[in-house]
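Here's query_23.txt, which has compact mmCIF, C-alpha atoms and all ligand atoms:
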```txt
# COMPACT_ATOMS: atom_id res chain seq x y z
CA MET A 29 152.65 144.47 60.46
CA ALA A 30 155.26 146.76 58.98
CA THR A 31 156.73 145.77 55.63
CA PRO A 32 160.31 144.54 56.22
CA LEU A 33 162.87 147.06 54.98
CA SER A 34 164.13 144.82 52.20
CA LEU A 35 163.91 145.98 48.62
CA LYS A 36 162.23 142.76 47.60
CA GLU A 37 159.41 143.19 50.10
CA LEU A 38 159.14 146.95 49.56
CA SER A 39 158.85 146.44 45.81
CA LYS A 40 155.56 144.64 46.40
CA LYS A 41 154.06 147.82 47.87
CA GLU A 42 152.26 150.37 45.76
CA ILE A 43 154.33 153.54 45.39
CA LEU A 44 151.95 156.40 46.11
CA PHE A 45 153.97 158.74 43.92
CA THR A 46 153.66 158.24 40.18
CA PRO A 47 155.83 158.70 37.15
CA GLY A 48 154.81 161.40 34.71
CA HIS A 49 156.04 164.08 37.14
CA ARG A 50 158.12 166.78 35.51
CA MET A 51 161.20 166.87 37.75
CA CYS A 52 164.41 166.96 35.67
CA ALA A 53 165.97 163.67 34.60
CA GLY A 54 168.12 162.43 37.47
CA CYS A 55 166.76 164.79 40.14
CA GLY A 56 167.28 163.60 43.71
CA ALA A 57 164.05 164.94 45.21
CA PRO A 58 161.58 162.42 43.70
CA ILE A 59 163.82 159.56 44.87
CA ILE A 60 163.49 160.87 48.42
CA VAL A 61 159.70 161.24 48.21
CA LYS A 62 159.38 157.71 46.89
CA MET A 63 161.49 156.34 49.77
CA VAL A 64 159.53 158.33 52.37
CA LEU A 65 156.16 157.13 51.10
CA LEU A 66 157.39 153.54 50.81
CA ALA A 67 158.66 153.66 54.39
CA ALA A 68 155.35 154.91 55.76
CA ASP A 69 153.04 152.10 56.75
CA TYR A 70 150.20 154.50 57.57
CA PRO A 71 147.88 156.63 55.47
CA VAL A 72 149.71 159.92 54.93
CA ILE A 73 148.48 163.45 54.29
CA ALA A 74 151.12 165.84 53.01
CA SER A 75 151.67 169.50 52.41
CA ASN A 76 154.32 170.88 50.11
CA ALA A 77 156.05 174.24 50.01
CA THR A 78 156.47 175.92 46.63
CA GLY A 79 159.61 174.71 44.87
CA CYS A 80 160.69 172.22 42.22
CA LEU A 81 159.02 169.28 43.94
CA GLU A 82 155.69 171.03 44.25
CA VAL A 83 155.73 172.76 40.85
CA SER A 84 156.76 169.66 38.92
CA THR A 85 154.42 167.21 40.62
CA CYS A 86 151.19 169.14 40.17
CA ILE A 87 151.44 170.89 36.84
CA SER A 88 148.04 172.04 35.63
CA ASP A 89 145.61 169.18 36.13
CA TYR A 90 148.24 166.49 36.65
CA THR A 91 149.27 165.28 40.06
CA ALA A 92 151.89 162.65 40.76
CA TRP A 93 150.56 162.16 44.27
CA LYS A 94 148.25 159.35 45.26
CA ILE A 95 147.79 160.71 48.77
CA PRO A 96 145.87 163.79 49.90
CA TRP A 97 148.32 166.60 49.25
CA ILE A 98 148.08 170.36 49.71
CA HIS A 99 150.08 173.19 48.30
CA SER A 100 149.20 176.64 49.53
CA ALA A 101 152.31 178.83 49.42
CA PHE A 102 156.06 178.97 49.69
CA GLU A 103 156.34 180.10 53.27
CA ASN A 104 153.72 178.07 55.07
CA ALA A 105 153.96 174.32 54.37
CA ALA A 106 154.46 173.59 58.08
CA ALA A 107 151.61 175.89 59.13
CA THR A 108 149.33 174.28 56.54
CA ILE A 109 149.91 170.73 57.73
CA SER A 110 149.70 171.79 61.38
CA GLY A 111 146.20 173.08 60.62
CA VAL A 112 145.20 169.82 58.99
CA GLU A 113 146.62 167.87 61.90
CA THR A 114 144.66 170.01 64.35
CA MET A 115 141.45 169.41 62.42
CA TYR A 116 142.21 165.69 62.48
CA ARG A 117 142.60 165.72 66.25
CA SER A 118 139.30 167.52 66.58
CA LEU A 119 137.48 165.09 64.28
CA LYS A 120 138.98 162.21 66.20
CA LYS A 121 137.77 163.65 69.49
CA GLN A 122 134.30 164.04 67.98
CA GLY A 123 134.36 160.39 66.96
CA LYS A 124 134.04 161.31 63.29
CA ILE A 125 137.28 159.64 62.31
CA ASN A 126 139.11 156.64 63.71
CA ASP A 127 141.97 155.97 61.32
CA GLU A 128 145.54 156.48 62.42
CA ILE A 129 146.81 159.08 59.95
CA LYS A 130 150.30 160.59 59.71
CA PHE A 131 151.10 164.13 58.60
CA ILE A 132 154.15 165.00 56.54
CA SER A 133 155.31 168.29 55.13
CA PHE A 134 157.84 168.58 52.30
CA GLY A 135 159.86 171.68 51.60
CA GLY A 136 162.98 172.64 49.67
CA ASP A 137 165.90 174.32 51.41
CA GLY A 138 164.72 177.78 50.34
CA GLY A 139 161.24 176.98 51.62
CA THR A 140 162.61 175.55 54.86
CA TYR A 141 165.87 177.24 55.92
CA ASP A 142 164.77 180.69 54.79
CA ILE A 143 161.27 181.61 53.76
CA GLY A 144 159.25 178.97 55.63
CA PHE A 145 161.51 179.01 58.66
CA GLN A 146 159.19 181.01 60.86
CA SER A 147 156.13 178.86 60.18
CA LEU A 148 158.23 175.71 60.66
CA SER A 149 159.64 176.96 63.95
CA GLY A 150 156.13 177.82 65.11
CA ALA A 151 154.66 174.45 64.18
CA MET A 152 157.50 172.61 65.94
CA GLU A 153 157.17 174.73 69.06
CA ARG A 154 153.40 174.23 69.21
CA GLY A 155 154.06 170.50 69.28
CA HIS A 156 151.99 169.28 66.34
CA ASP A 157 152.14 165.59 65.57
CA MET A 158 153.87 165.95 62.22
CA LEU A 159 157.03 165.14 60.33
CA TYR A 160 158.68 167.92 58.37
CA ILE A 161 161.03 166.77 55.62
CA CYS A 162 163.39 169.22 53.98
CA TYR A 163 164.92 168.10 50.68
CA ASP A 164 168.04 170.19 50.62
CA ASN A 165 169.50 170.82 47.16
CA GLY A 166 171.38 173.85 48.38
CA ALA A 167 169.73 176.67 46.41
CA TYR A 168 166.47 178.04 45.06
CA MET A 169 166.60 175.73 42.06
CA ASN A 170 163.13 176.24 40.65
CA THR A 171 163.69 179.91 39.95
CA GLY A 172 167.20 179.49 38.55
CA ILE A 173 169.75 178.57 41.23
CA GLN A 174 169.73 181.50 43.65
CA ARG A 175 171.72 181.13 46.86
CA SER A 176 169.92 180.12 50.05
CA SER A 177 171.21 179.83 53.61
CA ALA A 178 171.73 176.13 52.79
CA THR A 179 174.06 176.80 49.86
CA PRO A 180 177.49 175.42 50.73
CA PHE A 181 180.48 177.69 51.26
CA GLY A 182 182.25 178.48 47.98
CA ALA A 183 179.41 177.38 45.69
CA ASP A 184 178.69 179.35 42.54
CA THR A 185 175.05 180.40 42.21
CA THR A 186 173.32 183.07 40.14
CA THR A 187 173.14 185.42 43.13
CA CYS A 188 176.67 184.72 44.41
CA PRO A 189 178.36 184.20 41.08
CA ALA A 190 182.00 183.16 41.14
CA GLY A 191 184.03 185.71 39.21
CA ASP A 192 186.38 188.61 39.67
CA VAL A 193 184.47 190.08 42.61
CA ILE A 194 183.72 187.01 44.76
CA PRO A 195 184.74 183.34 44.48
CA GLY A 196 181.18 182.03 45.05
CA LYS A 197 179.25 182.05 48.32
CA MET A 198 181.33 183.47 51.15
CA GLN A 199 179.13 182.42 54.05
CA GLN A 200 178.83 179.06 55.79
CA ARG A 201 175.68 177.00 55.61
CA LYS A 202 173.12 177.39 58.33
CA ASP A 203 173.02 174.20 60.42
CA LEU A 204 169.29 173.76 60.30
CA THR A 205 169.16 170.21 61.67
CA LYS A 206 170.79 171.43 64.89
CA ILE A 207 168.50 174.45 65.00
CA MET A 208 165.47 172.21 64.75
CA ALA A 209 166.86 169.94 67.47
CA ALA A 210 167.29 173.06 69.60
CA HIS A 211 163.49 173.39 69.53
CA ASN A 212 163.63 170.45 71.95
CA ILE A 213 161.52 168.32 69.65
CA PRO A 214 161.61 164.56 70.21
CA TYR A 215 163.30 163.75 66.91
CA ALA A 216 165.55 165.50 64.39
CA ALA A 217 167.66 163.64 61.85
CA GLN A 218 169.78 163.94 58.76
CA ALA A 219 169.57 161.42 55.91
CA SER A 220 170.67 160.77 52.34
CA PRO A 221 168.95 158.90 49.49
CA SER A 222 172.19 156.96 48.86
CA HIS A 223 171.67 155.26 52.23
CA TRP A 224 168.10 154.22 51.53
CA GLY A 225 167.80 151.82 54.48
CA ASP A 226 169.00 154.45 56.94
CA LEU A 227 166.62 157.03 55.44
CA MET A 228 163.62 154.73 55.57
CA LYS A 229 164.41 153.56 59.10
CA LYS A 230 164.48 157.18 60.21
CA VAL A 231 161.14 157.90 58.56
CA ARG A 232 159.63 154.84 60.27
CA LYS A 233 161.06 155.84 63.62
CA ALA A 234 159.85 159.43 63.23
CA LEU A 235 156.32 158.34 62.36
CA GLU A 236 156.12 156.21 65.52
CA ILE A 237 157.04 159.15 67.73
CA LYS A 238 154.25 161.48 68.87
CA GLY A 239 154.94 165.17 68.40
CA PRO A 240 156.96 167.29 65.99
CA LYS A 241 159.76 165.64 64.02
CA PHE A 242 162.22 167.05 61.51
CA MET A 243 164.33 165.37 58.85
CA ASN A 244 166.86 167.04 56.59
CA VAL A 245 167.70 165.05 53.45
CA ILE A 246 170.40 165.93 50.94
CA ALA A 247 168.88 166.12 47.45
CA PRO A 248 171.29 166.39 44.52
CA CYS A 249 170.15 168.67 41.68
CA ASN A 250 172.22 168.19 38.55
CA ARG A 251 171.02 171.50 37.07
CA GLY A 252 172.13 173.58 40.01
CA TRP A 253 175.11 171.49 41.00
CA ARG A 254 176.31 171.51 37.40
CA SER A 255 176.86 167.78 37.51
CA LYS A 256 175.86 164.79 35.42
CA THR A 257 172.30 163.46 35.25
CA ASP A 258 173.35 160.04 36.54
CA ASP A 259 175.20 161.05 39.68
CA ALA A 260 172.51 161.96 42.25
CA ILE A 261 173.12 158.82 44.29
CA THR A 262 176.91 158.83 43.87
CA LEU A 263 177.14 162.47 44.95
CA SER A 264 174.84 162.08 47.93
CA ARG A 265 176.94 159.07 48.98
CA LEU A 266 180.12 161.14 48.65
CA ALA A 267 178.56 163.87 50.77
CA VAL A 268 178.11 161.28 53.51
CA GLU A 269 181.53 159.67 53.09
CA THR A 270 183.34 163.01 53.21
CA CYS A 271 181.36 163.83 56.39
CA CYS A 272 180.10 167.09 54.95
CA TRP A 273 176.58 165.60 55.21
CA PRO A 274 176.79 163.30 58.24
CA LEU A 275 173.99 160.85 58.89
CA TYR A 276 172.79 161.23 62.44
CA GLU A 277 169.75 161.60 64.62
CA ILE A 278 169.01 163.55 67.76
CA GLU A 279 166.40 161.73 69.77
CA ASN A 280 165.16 163.42 72.93
CA GLY A 281 168.35 165.45 73.00
CA ASN A 282 170.69 162.50 72.50
CA THR A 283 172.88 162.56 69.42
CA LYS A 284 173.61 159.34 67.57
CA ILE A 285 175.64 159.10 64.38
CA THR A 286 173.94 156.40 62.31
CA PHE A 287 176.73 155.92 59.80
CA LYS A 288 180.45 156.41 60.34
CA PRO A 289 182.52 156.07 57.19
CA ARG A 290 185.37 153.61 57.64
CA GLU A 291 187.63 156.09 55.91
CA LYS A 292 186.71 159.79 55.88
CA LYS A 293 187.19 160.89 52.29
CA PRO A 294 188.65 164.30 51.46
CA LEU A 295 186.01 166.93 50.74
CA VAL A 296 187.36 167.50 47.23
CA ASP A 297 185.99 164.07 46.24
CA PHE A 298 182.51 165.55 46.71
CA LEU A 299 183.30 168.98 45.25
CA LYS A 300 185.27 168.00 42.16
CA PRO A 301 182.49 166.43 40.06
CA GLN A 302 180.32 169.53 40.52
CA GLY A 303 180.58 172.53 38.21
CA ARG A 304 179.35 174.86 40.96
CA PHE A 305 182.72 174.33 42.69
CA LYS A 306 184.84 174.37 39.52
CA HIS A 307 186.43 177.76 40.30
CA LEU A 308 187.77 176.43 43.61
CA PHE A 309 190.23 174.25 41.74
CA THR A 310 192.49 177.10 40.63
CA PRO A 311 195.74 178.04 42.39
CA GLU A 312 194.41 181.40 43.64
CA ASN A 313 191.40 179.77 45.28
CA GLU A 314 193.26 176.97 47.02
CA TRP A 315 192.74 178.67 50.39
CA LEU A 316 188.98 178.26 49.91
CA LEU A 317 189.29 174.51 49.54
CA LYS A 318 191.42 174.42 52.67
CA GLU A 319 188.91 176.50 54.58
CA ALA A 320 185.99 174.36 53.38
CA GLN A 321 187.80 171.21 54.51
CA GLU A 322 188.54 172.77 57.90
CA GLN A 323 184.86 173.60 58.36
CA VAL A 324 183.85 170.03 57.59
CA ASP A 325 186.47 168.65 59.99
CA LYS A 326 185.40 170.97 62.76
CA ASN A 327 181.71 170.15 62.36
CA TRP A 328 182.43 166.42 62.24
CA GLU A 329 184.63 166.58 65.36
CA ARG A 330 181.90 168.50 67.15
CA LEU A 331 179.30 165.92 66.13
CA LEU A 332 181.50 163.09 67.39
CA ALA A 333 181.96 164.94 70.67
CA GLU A 334 178.23 165.52 70.97
CA GLU A 335 177.57 161.86 70.42
CA ALA A 336 180.12 160.87 73.04
CA CYS A 337 178.71 163.40 75.46
CA PHE A 338 175.14 162.17 75.16
CA ALA A 339 175.85 158.47 74.80
CA PRO A 340 173.81 156.34 77.21
CA LYS A 341 175.62 155.81 80.53
CA GLU A 342 176.46 152.13 79.91
CA THR A 343 178.14 152.85 76.58
CA LYS A 344 180.16 155.63 78.16
CA GLU A 345 181.36 153.34 80.95
CA LYS A 346 182.23 150.69 78.40
CA ALA A 347 184.14 153.19 76.34
CA SER A 348 186.15 154.42 79.32
CA LYS A 349 186.98 150.82 80.36
CA GLU A 350 188.19 150.06 76.86
CA GLN A 351 190.58 152.98 76.94
CA MET B 243 146.91 165.40 25.22
CA LYS B 244 144.33 168.20 25.45
CA LEU B 245 144.69 170.80 28.18
CA LYS B 246 141.55 171.77 30.08
CA GLY B 247 140.03 175.21 29.60
CA TRP B 248 139.57 177.42 32.66
CA LYS B 249 135.87 176.56 32.89
CA GLU B 250 136.68 172.85 33.15
CA VAL B 251 139.25 173.20 35.93
CA GLU B 252 138.02 172.55 39.50
CA PRO B 253 137.66 175.62 41.74
CA GLY B 254 140.66 176.06 44.03
CA ALA B 255 142.79 174.11 41.53
CA VAL B 256 141.72 170.87 43.21
CA ILE B 257 142.86 167.79 41.33
CA LYS B 258 140.39 165.01 41.98
CA GLU B 259 142.17 162.21 40.19
CA PRO B 260 145.09 160.77 42.20
CA GLY B 261 148.18 160.09 40.12
CA SER B 262 146.80 161.75 36.98
CA ALA B 263 150.41 162.65 36.07
CA MET B 264 150.58 159.10 34.66
CA LYS B 265 148.79 160.49 31.61
CA PHE B 266 151.87 162.54 30.85
CA LYS B 267 154.51 160.30 29.30
CA THR B 268 157.99 161.63 30.02
CA GLY B 269 159.75 158.96 27.94
CA SER B 270 160.07 161.37 25.04
CA TRP B 271 162.58 163.41 27.06
CA ARG B 272 165.15 160.64 26.74
CA SER B 273 168.33 161.01 24.73
CA LEU B 274 170.06 158.01 26.29
CA LYS B 275 168.23 154.73 26.76
CA PRO B 276 169.01 152.14 29.42
CA ARG B 277 169.16 148.55 28.25
CA TRP B 278 168.67 145.76 30.79
CA ILE B 279 170.81 142.65 30.40
CA PRO B 280 169.00 139.96 32.41
CA GLU B 281 171.92 137.51 32.45
CA ASN B 282 174.03 140.02 34.42
CA CYS B 283 171.18 140.96 36.79
CA ILE B 284 171.44 139.80 40.41
CA ASN B 285 167.96 141.13 41.27
CA CYS B 286 169.33 143.47 43.94
CA LEU B 287 166.62 146.00 42.96
CA LEU B 288 168.87 148.99 43.60
CA CYS B 289 167.83 150.35 40.19
CA TRP B 290 164.22 150.09 41.34
CA ILE B 291 164.72 152.02 44.58
CA TYR B 292 167.00 154.68 43.05
CA CYS B 293 164.93 155.42 39.91
CA PRO B 294 163.47 158.95 40.20
CA ASP B 295 160.76 158.07 37.71
CA MET B 296 159.42 154.74 38.92
CA ALA B 297 160.45 153.39 35.51
CA VAL B 298 161.89 150.07 36.66
CA LYS B 299 159.21 147.43 36.68
CA VAL B 300 159.25 144.75 39.37
CA LYS B 301 156.71 141.96 39.70
CA ASP B 302 156.48 139.70 42.78
CA GLY B 303 159.93 140.88 43.87
CA LYS B 304 161.50 140.10 40.48
CA ARG B 305 163.09 142.64 38.17
CA GLU B 306 161.33 143.15 34.85
CA ASP B 307 162.15 145.43 31.94
CA PHE B 308 162.13 149.22 31.97
CA ASP B 309 159.00 151.28 31.54
CA TYR B 310 160.07 153.36 28.57
CA ASP B 311 156.87 155.41 28.71
CA TYR B 312 158.35 157.29 31.66
CA CYS B 313 162.12 156.66 31.76
CA LYS B 314 163.85 160.01 31.18
CA GLY B 315 167.22 158.36 30.56
CA CYS B 316 169.08 159.93 33.50
CA GLY B 317 171.35 156.89 33.86
CA ILE B 318 171.31 156.59 37.67
CA CYS B 319 170.32 152.92 37.37
CA ALA B 320 173.25 152.10 35.09
CA LEU B 321 175.74 153.89 37.34
CA GLU B 322 174.46 152.24 40.54
CA CYS B 323 173.99 148.74 39.09
CA PRO B 324 176.55 146.39 40.68
CA GLY B 325 175.97 143.71 38.01
CA LYS B 326 177.43 140.24 38.09
CA LYS B 327 181.21 139.75 38.37
CA GLY B 328 181.87 143.30 37.30
CA LYS B 329 179.55 143.08 34.32
CA LYS B 330 176.79 145.70 34.42
CA ALA B 331 173.22 144.56 33.94
CA ILE B 332 172.27 148.02 32.67
CA VAL B 333 174.00 149.94 29.90
CA MET B 334 173.12 153.33 28.45
CA GLU B 335 172.83 153.61 24.69
CA GLU B 336 172.06 156.44 22.25
CA GLU B 337 168.34 156.73 21.74
CA ALA B 338 167.46 155.91 18.11
CA LYS B 339 166.73 159.05 16.13
C1 LIG C 1 156.61 184.21 48.44
C2 LIG C 1 157.23 183.68 47.22
N1 LIG C 1 158.45 184.16 46.82
C3 LIG C 1 159.03 183.67 45.73
C4 LIG C 1 158.44 182.69 44.99
C5 LIG C 1 159.12 182.17 43.75
N2 LIG C 1 159.67 180.85 43.91
C6 LIG C 1 159.02 179.75 43.53
S1 LIG C 1 159.86 178.32 43.75
C7 LIG C 1 161.19 179.16 44.36
C8 LIG C 1 162.45 178.44 44.75
C9 LIG C 1 162.28 177.33 45.72
O1 LIG C 1 163.50 176.97 46.27
P1 LIG C 1 163.61 175.75 47.28
O2 LIG C 1 162.64 175.90 48.38
O3 LIG C 1 165.03 175.58 47.65
O4 LIG C 1 163.13 174.50 46.40
P2 LIG C 1 163.80 173.95 45.05
O5 LIG C 1 163.14 174.66 43.91
O6 LIG C 1 165.25 174.22 45.12
O7 LIG C 1 163.49 172.50 45.04
C10 LIG C 1 160.93 180.55 44.39
C11 LIG C 1 161.89 181.59 44.81
C12 LIG C 1 157.18 182.21 45.43
N3 LIG C 1 156.54 181.23 44.79
N4 LIG C 1 156.60 182.71 46.54
S1 LIG C 2 166.12 172.06 38.81
FE1 LIG C 2 167.15 170.64 40.18
S2 LIG C 2 165.75 170.34 41.93
FE2 LIG C 2 164.58 171.23 40.23
S3 LIG C 2 163.67 169.44 39.19
FE3 LIG C 2 165.60 169.96 38.15
S4 LIG C 2 167.16 168.64 39.13
FE4 LIG C 2 165.35 168.70 40.47
MG MG C 3 166.40 174.20 46.91
```
Give the structure from this file in structure tokens form.
Amino acid sequence: MATPLSLKELSKKEILFTPGHRMCAGCGAPIIVKMVLLAADYPVIASNATGCLEVSTCISDYTAWKIPWIHSAFENAAATISGVETMYRSLKKQGKINDEIKFISFGGDGGTYDIGFQSLSGAMERGHDMLYICYDNGAYMNTGIQRSSATPFGADTTTCPAGDVIPGKMQQRKDLTKIMAAHNIPYAAQASPSHWGDLMKKVRKALEIKGPKFMNVIAPCNRGWRSKTDDAITLSRLAVETCCWPLYEIENGNTKITFKPREKKPLVDFLKPQGRFKHLFTPENEWLLKEAQEQVDKNWERLLAEEACFAPKETKEKASKEQ
Amino acid sequence: MKLKGWKEVEPGAVIKEPGSAMKFKTGSWRSLKPRWIPENCINCLLCWIYCPDMAVKVKDGKREDFDYDYCKGCGICALECPGKKGKKAIVMEEEAK
């Protein structure tokens, strides 16, 4: 039977991810990995794209993983695990293995949105029974905070430095969760470590579904976000409460928002504590803040509309009666 | 801690010992140290789930002290701790020199 999703019960489980890893103090990524592995009630085999998580959890002869785990390259985490999953299916068919094993791939935003995008798209389209988890910290952190297509609008990075020439990144983020859902996979979701129950529920749900699944999880990085070492959870919570990182899932094409903040906080609440947005708080850059807020509002409105549009028939009828 | 020479490392960089990172104690990174105050603790275990370094010990569902061998002193636990009646059960203090 599955372990109940209560912290008391979960704390009795062995965490298959050990301390002694070399992620920075206060990094969000190891918190996510821990939650994912705690949520899984099956044996898991994982692959990992190059990036902070991979580099810092298998330095030299030291691994923080207590599950079979493969790193091959930056651009092919999804292809790697799809190969393992294929071998597993073959061995199962041959009667050489009987265990029910789940396959998970971890990648950073650089390794997922950009450089591993093609192999991820291919693995999803081929229909492998796997869960891909992107921990999105919004830049290539491991090599010194270079911009990626996940870097938020206006953020200062080493390759879009805020200064006299540009006020930080001038492009919008790529909406990867929606792009993955557009592969017509059975499950795509967005989660945040602040909402641990929601995140773990989504992992559980994903692992019960056959076929390719994708989860995008916001992963604060105090080095790159120029924030404090203690605020990974607070900032990821603010990202959710300002609706710039909405928690939702798209299951078989139907969108469901899994957490609606009672009061939608202004985006500046999320931006202000982060040094990468510091330059936005000057009079000449006020228009950028306004534009960033407008983007968030538009995306949130669209998500609400999508949810309403795909709501099951009964809920729709109920909603129209209530009006 | 002695690093292995290239002749001792497994071909293909295979690591055969699961969780061998445990041999590397990250506690020395700490400049701030969390102190647990049991009388203010409501055993919500949020510090346990949010710790990036698995440095909050829990036994049979009950909070125990920190594992200072690995705690890097980030302070997430202290910030997230709801405490009892507004009194935090975790406070961050300067690490002794
Ligand atoms: C093909 C290739 N290009 C570049 C690198 C160098 N590199 C290693 S990690 C990394 C950044 C990874 O960024 P991301 O995927 O966002 O993960 P993060 O480090 O932010 O967690 C880069 C550019 C590499 N290892 N392989
Ligand atoms: S640089 Fe950022 S993502 Fe990388 S380990 Fe440090 S906090 Fe984590
Ligand atoms: Mg990144």
* Asked: What does the distance from CA of Leu235 (chain A) to CA of Ile213 (chain A) come to in Å, to one decimal?
  ->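 Result for CA of Leu235 (chain A) versus CA of Ile213 (chain A): 13.4 Å, one decimal.
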* **Shell of 10 Å around ligand LIG 1 (chain C) (only C-alpha atoms and all ligand atoms), written as a ChimeraX atom specification** => /A:51,55-57,76-84,100-104,134-144,162-179,247-249,252
* To do: For region 245-260 of chain B, work out the shell of residues within 7 Å, counting only C-alpha atoms and skipping chain neighbours fewer than 4 positions away, then give it as a ChimeraX atom specification.
  => /A:89,91,93-94
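Interatomic distance, atom FE4 of ligand LIG 2 (chain C) to CA of Lys62 (chain A): 14.1 Å.
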Per residue of region 119-226 of chain A within 12 Å of region 276-300 of chain B, what are the shortest atom pair and its distance in Å to one decimal, counting all atoms listed in the file, with rows by chain and residue number, as JSON lines?
```
{"residue": "A:Ser220", "atom": "CA", "partner": "B:Tyr292", "partner_atom": "CA", "distance": 11.7}
{"residue": "A:Pro221", "atom": "CA", "partner": "B:Tyr292", "partner_atom": "CA", "distance": 7.9}
{"residue": "A:Ser222", "atom": "CA", "partner": "B:Tyr292", "partner_atom": "CA", "distance": 8.1}
{"residue": "A:His223", "atom": "CA", "partner": "B:Tyr292", "partner_atom": "CA", "distance": 10.3}
{"residue": "A:Trp224", "atom": "CA", "partner": "B:Ile291", "partner_atom": "CA", "distance": 8.0}
{"residue": "A:Gly225", "atom": "CA", "partner": "B:Ile291", "partner_atom": "CA", "distance": 10.4}
```
Output of the above residues as a short mmCIF file (atom, residue, chain, number, x, y, z; two decimals), keeping the file's coordinate frame, restricted to C-alpha atoms:
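Written out: selection-v1.cif:
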```cif
data_model
loop_
_atom_site.label_atom_id
_atom_site.label_comp_id
_atom_site.auth_asym_id
_atom_site.auth_seq_id
_atom_site.Cartn_x
_atom_site.Cartn_y
_atom_site.Cartn_z
CA SER A 220 170.67 160.77 52.34
CA PRO A 221 168.95 158.90 49.49
CA SER A 222 172.19 156.96 48.86
CA HIS A 223 171.67 155.26 52.23
CA TRP A 224 168.10 154.22 51.53
CA GLY A 225 167.80 151.82 54.48
#
```
* May I have the residues within 6 Å of Gly196 (chain A) as number ranges by chain, using only C-alpha atoms and disregarding those fewer than 4 positions away in the same chain? => A: 182-184, 188-190
* To do: Return as number ranges by chain the residues belonging to chain A that are within 9 Å of chain B, counting only C-alpha atoms.
  => A: 35-40, 43-60, 62-63, 85-96, 221-222, 224, 256-262
* Lys241 (chain A): which residues within 10 Å, counting only C-alpha atoms, same-chain residues fewer than 3 positions away excluded, as a ChimeraX atom specification? -> /A:132,152,155-161,208-209,213-217,231,233-235,237-238,279
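With all atoms listed in the file as the atoms that count, the minimum distance from ligand LIG 2 (chain C) to the choices A:Ile246, A:Ile194, A:Ala210, A:Ile278 is reached by A:Ile246.
Between Val245 (chain A) and the residues A:Met115, A:Leu266, A:Val61, A:Ile98, the shortest atom-to-atom distance, using all atoms listed in the file, involves A:Val61.
With distances taken over all atoms listed in the file, A:Ala339 is the one residue among A:Ala333, A:Glu236, A:Ala339, A:Asn327 lying closest to Asn282 (chain A).
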* Asked: CA of Asp69 (chain A) to CA of Asp226 (chain A): how many Å, to one decimal?
  -> 16.1 Å
Listed atoms of region 314-333 of chain B, axis-aligned box, 8 Å per side: centre and edge lengths to one decimal in Å, as AutoDock Vina command-line options?
```
--center_x 172.9 --center_y 149.9 --center_z 35.3 --size_x 34.0 --size_y 36.3 --size_z 26.8
```
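Among the candidate residues A:Asn280, A:Gln321, A:Gln122, A:Asn250, the one lying nearest to ligand MG 3 (chain C) is A:Asn250, with distances computed using only C-alpha atoms and all ligand atoms.
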